[in-house]
Structure formats: C-alpha cells, structure tokens
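Scroll down for the structure; my scribbles are underneath it.
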Amino acid sequence: MSGNNTLRQAANLLKKNEKEAARQLLISFLKENPNSADAWWLLSYTVNKKEQQIDCLKRALSLNPAHGRAQTRLSSLKNKLSPKTRTPSPKKKQKISSGIIAIVAVVFCLGIVGIGYFGFSIMNATKAEPLPVAPQVLLPTNTPRPPQSLPPTWTPTPRATVVKLPTMTPYGTTDNGTEPFGFINSTATPSVSYGYIPGAPTATPLGTDITDHNYIAGEKAYAEGDYEKAVSLMSKAIKANPELAPAYKARAYANVSLNNFELGIEDYNKALSIMPDFATAFVGRGQAHYHLGNAEQAFEDVHQGLSIDPSQILGYIVLTKYYYFYIGDSENALHQLNVALSIDPNLSSLLEFRGTVLLDLERYVECISSTTEAINLNAEEWSAFETRAICHMLSGSYSEAIADYDIFFKYDSSRAGAWYNYGIAKRNKADFPGAIEAYSRALELDPAYAEAYINRGNVHRILKHYDEALSDYNAALELREIPLAYIKRGTVYVALEKNNEAIADLEKGLSLYPINANAYCQLARAYFGVERYEDSLDAAALSDELDPECGGTELLEVQARSNYALGNLDEAFSYVDKALKNYNFYKDGYYYRGIFNEELGKKEDAIDDFELFLLVTKRKRGFDDKIADVKARLARLKQ
C-alpha cells in the first residue's frame with residue numbers, strides 16, 4: 001500500500017470514528033516513514049490526551065514548519081486567549097469571503113504573536129530562510145527535514161525555512177502497544193543523579209584478570225570490529241567456563257553490535273544471574289532494550305547499573321537517547337551528555353550530538369562551539385559540519401554555513417535537506433544562481449520536495465523569471481495543496497497584472513492559511529487592479545492588523561488610491577502623506593499627494609508637491625507620463 005493510500009485509509013477510519021484502528025495503522029506507517037508530517041498530524045486525532053495531541057503536532061511542524069493544518073490545530077489546542085476581532089469596514093459587503101474574515105479574526109493573536117515564524121517554512125511551507133531546513137539518528141546520523149517560508153515583504157526578499165537536523169526517532173516501537181515519540185508514560189525521575197563526580201576515575205572493566213586465550217582473543221576481535229569472530233571466541237570461552245560472567249557480557253556486546261539484540265539480552269541475563277551487581281551488564285542490557293523500543297525497561301536497567309557504578313559512560317549515552325528521542329526532553333538529554341563527556345571529553349561523536357541537542361534548544365553559539373570541538377578532535381566527524389552549518393545559518397552567518405556545507409558535501413552529497421539549506425544560505429548571500437542550483441540538486445534527490453520547488457520559485461521571482469517561478473509553484477501544487485504555493489503564485493500573477501488569476505490563488509491560499517499578511521497585501525493590489533476598491537481596502541486592513549510593516553509604500557499607495565476612487569479624499573490624502581513621512585524615497589507620493597491637494601483645493605500645497613515630484617524624478621526613467629501630467633497641472637495651477 002502506497003504512503004498516500006495508507007494516510008487516506010487512516011483519514012477514512014477517523015471519519016468513521018475508528019480511532020484505535022487509525023492509530024495502529026499510523027504507528028505502523030511511521031515506523032517506516034518517521035518523517036511524514038501528514039502522518040504525525042493525523043496521529044494527533046487518534047490520541048486522547050491533549051499533551052499527546054500537542055506532541056504529535058509539534059513533531060509534524062518540526063518536520064514541516066509550514067504544515068497549515070497542523071499549525072491551525074496546534075493553535076486551537078494551545079490558544080487560551082480571547083481572539084481579537086476586527087470590525088470590518090462598513091463598506092464591506094460580500095467581498096473578501098466572510099469565511100476567511102471569520103477565521104482571521106480567530107487567529108489574529110497567534111498570527112501577530114508569532115505563529116508565522118515556523119510559518120518560516122511553508123505554510124504547508126512557511127517563512128524565514130535560515131532555520132534549518134530543518135529532521136534526522138542514532139548517535140549521530142544526519143538526515144535533514146524540509147520546510148520553508150517567505151517573509152511578508154513587498155520586494156521579494158523571501159526567507160526560506162532552514163531544515164533542522166533530523167529529529168531522531170526512537171529505535172523502533174514494539175507491536176505490544178509501546179507508542180512512538182513522547183507517548184511513553186515514564187515513571188522515571190528526570191535528571192537522576194548517579195553520584196559520578198566529573199574527573200573521578202572510571203571503574204576498572206571486569207575481566208582484565210582473565211587469562212583464557214579465547215576470551216583475550218575475543219576482546220581483541222571486538223576492538224578491531226570483527227564482531228562475528230568475537231561472538232565465536234567468547235562462545236568457546238564460555239564453553240570452557242560456563243560461570244564466566246564477563247564472557248557473557250562480552251558476547252552480548254558483540255551480538256548487540258551485530259543488531260542481534262535478543263541474543264544480547266539473553267547473555268546479559270546470564271551474566272547477571274552469575275553476578276547480580278554486574279553494572280556493565282545492566283547498562284548493556286538497557287542499551288539492547290532501548291534498541292528494541294523497550295524504553296521503560298531500558299531506563300530501569302541503566303538506572304540500576306549507574307546506581308552501582310556511576311562511571312559507566314554507555315549508561316549516560318543511553319539516557320541521552322531516552323530523554324531526547326522518547327521523552328522529547330532536550331535539557332535532560334544535554335545533562336546526560338555533559339556527564340558522559342566529563343568521563344571522556346574526547347568522544348567526537350558525543351560532542352557532535354551535543355551540538356544537535358544545543359541546536360534543538362536554540363543555543364546556537366554553544367552548538368557551534370561543541371561541533372567545532374568535535375571537528376578539532378576528528379576532522380572526519382563530517383556530520384558535525386552539517387550541524388554547525390545549521391547553527392551558523394540560524395545565527396545569520398551564511399558565509400560560514402556555506403563553507404561548512406562545502407566540506408560536508410565532500411562526505412555526503414546525497415541529502416536533499418542539506419542541499420535545500422545550502423540553497424537558503426546561498427540566497428541570503430544574494431548568490432541567486434547558486435541558490436537555484438542547490439534547490440535543483442535537492443529536487444534531483446527528492447522530486448517530491450515541495451518546499452524546494454517553492455523556494456526555487458521564490459528566487460526565480462526575485463530575478464523576474466516569472467515563467468520559471470510559475471512552473472515551480474505549479475509543480476509544488478501538483479504534489480499537494482500548499483497555501484504558500486498558492487500565495488506566491490498569486491504574487492507572480494500580480495506582478496504580471498493578471499489580477500483575476502491572482503485573486504483566485506490568493507483567496508485560495510488564505511482560505512487554507514488565513515494569517516499571512518503578505519497575501520492580504522498582494523490581494524489588496526489585485527483587487528485594486530480590477531477596481532474592487534472596497535475589497536482592496538478590506539484586504540489592506542487585514543494585512544495591517546497582521547503586520548503593519550508588510551506592504552510599505554505600495555500598500556499605502558493602494559489604500560490612498562482606493563479611497564480616492566471611492567471619493568474619500570481626506571483618507572486618500574492621509575495614506576499618501578503617511579507614505580511620504582515614513583519613506584522619503586517614495587517619489588510617486590509627491591505626484592499623488594499633489595493630486596489630492598489639488599482636489600481638496602489646497603493650491604499652494606499642490607504646487608509644492610508637483611514641483612518636488614519634478615525635482616526628484618529629474619532624469620529618471622519610467623516617469624514620463626506622470627511628468628507630462630504634472631507639467632500640465634502646474635501650468636493650470638499657476639495661471
């Protein structure tokens with residue numbers, strides 16, 4: 001069954017209120033497709049506790065910050081404030097769909113407070129280009145996740161969303177009811193202290209006094225990475241001495257390294273039956289249970305082992321994964337990592353992973369420091385270059401991010417999310433050809449990467465390559481219904497003065513995601529273009545409520561000219577006057593204010609404005625018609 005069919009089947013089960021069947025179907029699907037934002041969104045409808053629903057939605061949005069339906073549902077679950085309402089203009093009748101206005105009123109607070117951020121990415125792609133493009137491991141593994149977004153900027157200066165590092169999914173979930181990420185009903189006490197004092201010597205490994213030649217050879221084989229040989233040699237040592245607990249532990253290590261977790265657990269059980277206080281065996285068994293998805297048992301075993309010997313570094317590593325992947329507690333995960341690194345500060349993989357956790361906590365400077373330490377210790381710790389690149393991007397250091405990605409791609413150029421982030425960095429450095437190339441590489445690797453289509457389309461739009469931009473937005477919409485793709489395609493239609501097409505796209509996008517200020521800016525322009533002046537003013541008012549800085553002079557001009565067309569001269573004058581006060585480079589403002597002053601009978605003021613207009617447009621191209629009109633008006637006014 002294809003992924004889409006599975007999700008469709010789950011949705012149909014939910015419609016029939018068969019939540020449990022839908023939940024089981026989605027959990028099975030997520031085992032194979034942990035980065036499906038749609039699946040996590042649907043899963044939120046199958047669980048009963050509000051906290052669990054929020055966990056699912058957060059996971060969906062971490063994978064796709066612009067997932068409109070997940071954003072809307074999360075907002076409704078978390079919004080405890082009374083929504084602001086807007087009193088529509090008395091002139092408004094049926095124009096901007098009343099349904100859209102109603103939704104906007106409900107979510108204005110959220111839109112203003114910040115839902116738009118991870119609206120960074122793509123409202124099914126959203127806003128803001130540097131945040132990793134950003135999910136993806138065990139200790140460490142890289143696999144980025146997608147997302148995007150663009151700022152409400154009149155002049156195309158979109159910011160795409162950075163795809164964050166892979167949000168690591170637990171190593172499997174069992175078929176006996178254990179639920180994925182964040183649903184573990186843990187009785188564990190957070191931040192348990194095991195008494196290890198940083199700098200204290202670690203325990204001497206058991207078995208250093210064993211003289212059995214098979215045991216010694218097995219240890220060597222394990223150290224060399226020959227795990228099958230290690231299993232064979234330890235089996236011979238056990239046959240010679242069935243009560244040799246360290247040999248069972250050593251064979252268990254090798255089996256776990258071969259992913260034979262059940263066999264490893266059997267050996268750990270045997271070792272503990274011989275030596276009940278064998279701390280290393282407890283911790284190792286905890287690791288094996290973790291890999292099987294038995295999170296609670298893993299925690300209990302590791303806790304028991306560390307309470308006996310708090311220097312067991314593997315125990316802190318397992319706890320790191322437990323807190324980070326299962327509980328979603330990055331602070332506690334960081335604490336465990338720091339303890340592990342206090343035991344051995346030279347583990348580059350742990351330093352890289354600490355960088356990932358710090359990234360998750362938005363502590364970017366520390367993330368850069370930790371990943372730099374990892375790289376200094378081991379230049380081959382190539383995943384650290386990607387983690388550091390993302391932290392650089394989120395810190396606004398795009399040149400440094402590009403340099404890190406250039407190194408990372410020498411090791412791994414197969415990650416679509418990494419190329420997507422690279423494109424974001426390139427675009428923020430105004431390397432538009434480089435950004436297009438990077439987004440294209442992402443799409444070669446993942447032809448279903450809708451966000452890459454949208455952000456490549458945004459770059460084409462900046463370059464006024466409108467045909468290419470439309471092609472990219474169309475491709476994104478063929479993949480799925482994405483609000484931002486509709487809105488950005490509508491923006492291109494506005495630039496092409498295809499106002500009816502623009503209106504259709506912008507209204508569609510807003511019906512799916514009604515808190516995008518830039519969409520209302522563009523819609524105001526499109527309505528003005530077809531002489532729907534009241535609708536234009538209503539759309540502009542909604543844009544102003546969401547983001548007063550969104551439209552700049554263009555929106556103020558639209559508001560001024562719409563009011564002028566409706567005979568509201570005082571309001572028309574106030575808007576263009578505001579534009580001139582806020583943006584003194586706004587040359588057209590003198591032209592329009594001169595006209596409004598003339599209409600209002602302010603002859604001298606009109607003359608001043610028209611003469612200023614001629615002064616600021618002297619030898620400027622593109623103003624010929626207005627210059628001719630101004631000269632004619634001045635001749636008349638000076639008679």
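Every chain in the structure tokens has a letter given in the order shown (A, B, ...), and although residue numbers restart at 1 in each chain, ligands are simply numbered from 1 in the order shown.
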Please provide the set of residues having any atom within 12 Å of A:Ser471, restricted to only C-alpha atoms, with same-chain residues fewer than 5 positions apart removed, written as an mmCIF file with all heavy atoms, in the first residue's frame.
```cif
data_model
loop_
_atom_site.group_PDB
_atom_site.id
_atom_site.type_symbol
_atom_site.label_atom_id
_atom_site.label_comp_id
_atom_site.auth_asym_id
_atom_site.auth_seq_id
_atom_site.Cartn_x
_atom_site.Cartn_y
_atom_site.Cartn_z
ATOM 1 N N TYR A 453 10.732 23.312 -4.416
ATOM 2 C CA TYR A 453 10.095 23.954 -5.575
ATOM 3 C C TYR A 453 9.684 25.386 -5.226
ATOM 4 O O TYR A 453 9.913 26.319 -5.993
ATOM 5 C CB TYR A 453 8.850 23.178 -5.999
ATOM 6 C CG TYR A 453 9.127 21.975 -6.878
ATOM 7 C CD1 TYR A 453 8.789 20.693 -6.466
ATOM 8 C CD2 TYR A 453 9.713 22.122 -8.140
ATOM 9 C CE1 TYR A 453 9.039 19.584 -7.262
ATOM 10 C CE2 TYR A 453 9.964 21.019 -8.953
ATOM 11 C CZ TYR A 453 9.624 19.755 -8.501
ATOM 12 O OH TYR A 453 9.873 18.675 -9.304
ATOM 13 N N ILE A 454 9.087 25.549 -4.075
ATOM 14 C CA ILE A 454 8.595 26.873 -3.695
ATOM 15 C C ILE A 454 9.749 27.853 -3.536
ATOM 16 O O ILE A 454 9.709 28.983 -4.046
ATOM 17 C CB ILE A 454 7.759 26.791 -2.416
ATOM 18 C CG1 ILE A 454 6.434 26.077 -2.708
ATOM 19 C CG2 ILE A 454 7.474 28.180 -1.856
ATOM 20 C CD1 ILE A 454 5.581 25.834 -1.502
ATOM 21 N N ARG A 456 12.774 27.642 -4.799
ATOM 22 C CA ARG A 456 13.401 27.924 -6.092
ATOM 23 C C ARG A 456 12.532 28.891 -6.885
ATOM 24 O O ARG A 456 13.037 29.811 -7.541
ATOM 25 C CB ARG A 456 13.630 26.627 -6.880
ATOM 26 C CG ARG A 456 14.482 26.840 -8.129
ATOM 27 C CD ARG A 456 14.816 25.536 -8.819
ATOM 28 N NE ARG A 456 13.654 24.918 -9.443
ATOM 29 C CZ ARG A 456 13.696 23.788 -10.142
ATOM 30 N NH1 ARG A 456 14.855 23.149 -10.268
ATOM 31 N NH2 ARG A 456 12.605 23.269 -10.658
ATOM 32 N N GLY A 457 11.207 28.693 -6.776
ATOM 33 C CA GLY A 457 10.301 29.632 -7.427
ATOM 34 C C GLY A 457 10.457 31.036 -6.890
ATOM 35 O O GLY A 457 10.390 32.020 -7.636
ATOM 36 N N ASN A 458 10.712 31.148 -5.589
ATOM 37 C CA ASN A 458 10.896 32.470 -4.989
ATOM 38 C C ASN A 458 12.122 33.174 -5.565
ATOM 39 O O ASN A 458 12.107 34.387 -5.795
ATOM 40 C CB ASN A 458 11.059 32.336 -3.477
ATOM 41 C CG ASN A 458 9.788 31.856 -2.811
ATOM 42 O OD1 ASN A 458 8.698 32.066 -3.322
ATOM 43 N ND2 ASN A 458 9.924 31.205 -1.670
ATOM 44 N N HIS A 460 13.443 32.588 -8.532
ATOM 45 C CA HIS A 460 13.095 32.982 -9.907
ATOM 46 C C HIS A 460 12.245 34.253 -9.896
ATOM 47 O O HIS A 460 12.402 35.125 -10.757
ATOM 48 C CB HIS A 460 12.321 31.850 -10.593
ATOM 49 C CG HIS A 460 13.199 30.732 -11.087
ATOM 50 N ND1 HIS A 460 14.292 30.941 -11.897
ATOM 51 C CD2 HIS A 460 13.134 29.379 -10.882
ATOM 52 C CE1 HIS A 460 14.869 29.782 -12.179
ATOM 53 N NE2 HIS A 460 14.194 28.824 -11.575
ATOM 54 N N ARG A 461 11.368 34.364 -8.906
ATOM 55 C CA ARG A 461 10.507 35.551 -8.823
ATOM 56 C C ARG A 461 11.340 36.797 -8.522
ATOM 57 O O ARG A 461 11.107 37.871 -9.082
ATOM 58 C CB ARG A 461 9.441 35.336 -7.745
ATOM 59 C CG ARG A 461 8.445 36.468 -7.625
ATOM 60 C CD ARG A 461 7.274 36.058 -6.736
ATOM 61 N NE ARG A 461 7.729 35.612 -5.432
ATOM 62 C CZ ARG A 461 8.035 36.435 -4.429
ATOM 63 N NH1 ARG A 461 7.958 37.729 -4.590
ATOM 64 N NH2 ARG A 461 8.433 35.951 -3.278
ATOM 65 N N HIS A 465 12.074 36.039 -13.311
ATOM 66 C CA HIS A 465 11.913 34.926 -14.256
ATOM 67 C C HIS A 465 10.540 34.314 -13.969
ATOM 68 O O HIS A 465 10.417 33.247 -13.359
ATOM 69 C CB HIS A 465 13.013 33.881 -14.062
ATOM 70 C CG HIS A 465 14.402 34.411 -14.268
ATOM 71 N ND1 HIS A 465 15.525 33.775 -13.771
ATOM 72 C CD2 HIS A 465 14.857 35.511 -14.913
ATOM 73 C CE1 HIS A 465 16.608 34.455 -14.100
ATOM 74 N NE2 HIS A 465 16.222 35.519 -14.787
ATOM 75 N N TYR A 466 9.521 35.012 -14.381
ATOM 76 C CA TYR A 466 8.173 34.660 -13.929
ATOM 77 C C TYR A 466 7.688 33.321 -14.470
ATOM 78 O O TYR A 466 6.973 32.599 -13.767
ATOM 79 C CB TYR A 466 7.201 35.783 -14.296
ATOM 80 C CG TYR A 466 7.471 37.076 -13.554
ATOM 81 C CD1 TYR A 466 7.551 38.294 -14.221
ATOM 82 C CD2 TYR A 466 7.682 37.079 -12.180
ATOM 83 C CE1 TYR A 466 7.809 39.477 -13.535
ATOM 84 C CE2 TYR A 466 7.949 38.239 -11.481
ATOM 85 C CZ TYR A 466 8.013 39.441 -12.168
ATOM 86 O OH TYR A 466 8.267 40.601 -11.494
ATOM 87 N N ALA A 476 4.895 22.397 -7.187
ATOM 88 C CA ALA A 476 4.629 22.197 -5.755
ATOM 89 C C ALA A 476 3.164 21.857 -5.529
ATOM 90 O O ALA A 476 2.821 20.972 -4.733
ATOM 91 C CB ALA A 476 5.009 23.453 -4.968
ATOM 92 N N LEU A 477 2.287 22.542 -6.243
ATOM 93 C CA LEU A 477 0.846 22.316 -6.056
ATOM 94 C C LEU A 477 0.385 20.992 -6.649
ATOM 95 O O LEU A 477 -0.642 20.453 -6.237
ATOM 96 C CB LEU A 477 0.051 23.479 -6.659
ATOM 97 C CG LEU A 477 0.143 24.774 -5.844
ATOM 98 C CD1 LEU A 477 -0.380 25.960 -6.637
ATOM 99 C CD2 LEU A 477 -0.611 24.629 -4.525
ATOM 100 N N GLU A 478 1.139 20.463 -7.586
ATOM 101 C CA GLU A 478 0.808 19.127 -8.090
ATOM 102 C C GLU A 478 1.102 18.066 -7.042
ATOM 103 O O GLU A 478 0.490 16.993 -7.030
ATOM 104 C CB GLU A 478 1.603 18.842 -9.366
ATOM 105 C CG GLU A 478 1.083 19.600 -10.589
ATOM 106 C CD GLU A 478 1.990 19.420 -11.788
ATOM 107 O OE1 GLU A 478 2.921 18.573 -11.708
ATOM 108 O OE2 GLU A 478 1.790 20.116 -12.794
ATOM 109 N N ALA A 485 2.248 28.078 -1.741
ATOM 110 C CA ALA A 485 2.417 27.964 -3.186
ATOM 111 C C ALA A 485 1.336 28.753 -3.906
ATOM 112 O O ALA A 485 1.587 29.434 -4.910
ATOM 113 C CB ALA A 485 2.391 26.501 -3.607
ATOM 114 N N LYS A 488 2.252 32.535 -3.350
ATOM 115 C CA LYS A 488 3.382 33.001 -4.136
ATOM 116 C C LYS A 488 3.055 33.006 -5.626
ATOM 117 O O LYS A 488 3.510 33.882 -6.363
ATOM 118 C CB LYS A 488 4.619 32.151 -3.847
ATOM 119 C CG LYS A 488 5.138 32.370 -2.430
ATOM 120 C CD LYS A 488 5.429 33.848 -2.194
ATOM 121 C CE LYS A 488 5.761 34.123 -0.748
ATOM 122 N NZ LYS A 488 5.986 35.566 -0.493
ATOM 123 N N ARG A 489 2.283 32.033 -6.082
ATOM 124 C CA ARG A 489 1.873 32.065 -7.490
ATOM 125 C C ARG A 489 0.973 33.274 -7.735
ATOM 126 O O ARG A 489 1.076 33.947 -8.765
ATOM 127 C CB ARG A 489 1.144 30.761 -7.859
ATOM 128 C CG ARG A 489 0.896 30.636 -9.366
ATOM 129 C CD ARG A 489 0.369 29.261 -9.727
ATOM 130 N NE ARG A 489 -0.990 29.053 -9.261
ATOM 131 C CZ ARG A 489 -1.691 27.953 -9.473
ATOM 132 N NH1 ARG A 489 -1.132 26.940 -10.130
ATOM 133 N NH2 ARG A 489 -2.921 27.820 -9.009
ATOM 134 N N VAL A 492 3.065 36.318 -8.227
ATOM 135 C CA VAL A 492 3.598 36.433 -9.593
ATOM 136 C C VAL A 492 2.523 36.968 -10.531
ATOM 137 O O VAL A 492 2.789 37.842 -11.371
ATOM 138 C CB VAL A 492 4.116 35.070 -10.088
ATOM 139 C CG1 VAL A 492 4.491 35.145 -11.563
ATOM 140 C CG2 VAL A 492 5.328 34.636 -9.269
#
```
Query raised in the report: Using only C-alpha atoms, which residues sit within 9 Å of A:Leu341 once same-chain residues fewer than 5 positions away are excluded, as a VMD selection string?
Result: chain A and resid 198 313 336 346 to 347 350 to 351
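Each of A:Asp277, A:Asp209, A:Asp446, A:Glu262 was compared to A:Tyr290 using only C-alpha atoms, and A:Glu262 turns out to be the nearest.
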Name all residues at most 12 Å from A:Ser574 (count only C-alpha atoms; drop same-chain ones fewer than 6 positions away) and give them as an mmCIF file with N, CA and C atoms, in the first residue's frame.
```
data_model
loop_
_atom_site.group_PDB
_atom_site.id
_atom_site.type_symbol
_atom_site.label_atom_id
_atom_site.label_comp_id
_atom_site.auth_asym_id
_atom_site.auth_seq_id
_atom_site.Cartn_x
_atom_site.Cartn_y
_atom_site.Cartn_z
ATOM 1 N N LEU A 556 0.336 51.421 1.026
ATOM 2 C CA LEU A 556 -0.207 52.732 1.364
ATOM 3 C C LEU A 556 -0.724 53.438 0.115
ATOM 4 N N GLU A 557 -0.025 53.265 -0.986
ATOM 5 C CA GLU A 557 -0.491 53.866 -2.240
ATOM 6 C C GLU A 557 -1.817 53.253 -2.681
ATOM 7 N N GLN A 559 -4.041 51.933 -0.750
ATOM 8 C CA GLN A 559 -5.083 52.436 0.151
ATOM 9 C C GLN A 559 -5.457 53.873 -0.193
ATOM 10 N N ALA A 560 -4.446 54.674 -0.533
ATOM 11 C CA ALA A 560 -4.721 56.066 -0.906
ATOM 12 C C ALA A 560 -5.552 56.132 -2.184
ATOM 13 N N ARG A 561 -5.146 55.387 -3.189
ATOM 14 C CA ARG A 561 -5.830 55.473 -4.488
ATOM 15 C C ARG A 561 -7.212 54.825 -4.445
ATOM 16 N N ASN A 563 -9.178 54.836 -1.776
ATOM 17 C CA ASN A 563 -10.023 55.849 -1.133
ATOM 18 C C ASN A 563 -10.338 56.997 -2.094
ATOM 19 N N TYR A 564 -9.369 57.381 -2.889
ATOM 20 C CA TYR A 564 -9.597 58.443 -3.871
ATOM 21 C C TYR A 564 -10.682 58.022 -4.866
ATOM 22 N N ASN A 568 -13.160 59.339 -1.065
ATOM 23 C CA ASN A 568 -12.748 59.653 0.313
ATOM 24 C C ASN A 568 -11.432 60.427 0.263
ATOM 25 N N LEU A 580 4.803 59.211 2.549
ATOM 26 C CA LEU A 580 5.896 60.155 2.349
ATOM 27 C C LEU A 580 6.668 60.424 3.635
ATOM 28 N N LYS A 581 5.976 60.442 4.759
ATOM 29 C CA LYS A 581 6.653 60.681 6.035
ATOM 30 C C LYS A 581 7.515 59.491 6.445
ATOM 31 N N GLY A 589 4.790 59.436 -4.355
ATOM 32 C CA GLY A 589 3.959 60.036 -3.320
ATOM 33 C C GLY A 589 3.705 61.513 -3.558
ATOM 34 N N TYR A 592 0.917 61.811 -6.224
ATOM 35 C CA TYR A 592 -0.445 61.554 -5.759
ATOM 36 C C TYR A 592 -0.897 62.577 -4.716
ATOM 37 N N ARG A 593 0.024 62.958 -3.825
ATOM 38 C CA ARG A 593 -0.396 63.948 -2.835
ATOM 39 C C ARG A 593 -0.712 65.288 -3.507
ATOM 40 N N PHE A 596 -4.196 64.989 -4.753
ATOM 41 C CA PHE A 596 -5.189 65.054 -3.677
ATOM 42 C C PHE A 596 -5.298 66.487 -3.138
ATOM 43 N N ASN A 597 -4.141 67.166 -3.021
ATOM 44 C CA ASN A 597 -4.192 68.555 -2.560
ATOM 45 C C ASN A 597 -4.957 69.431 -3.556
#
```
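In this model, the gap between atom CA of A:Glu362 and atom CA of A:Ser62 comes to 13.3 Å.
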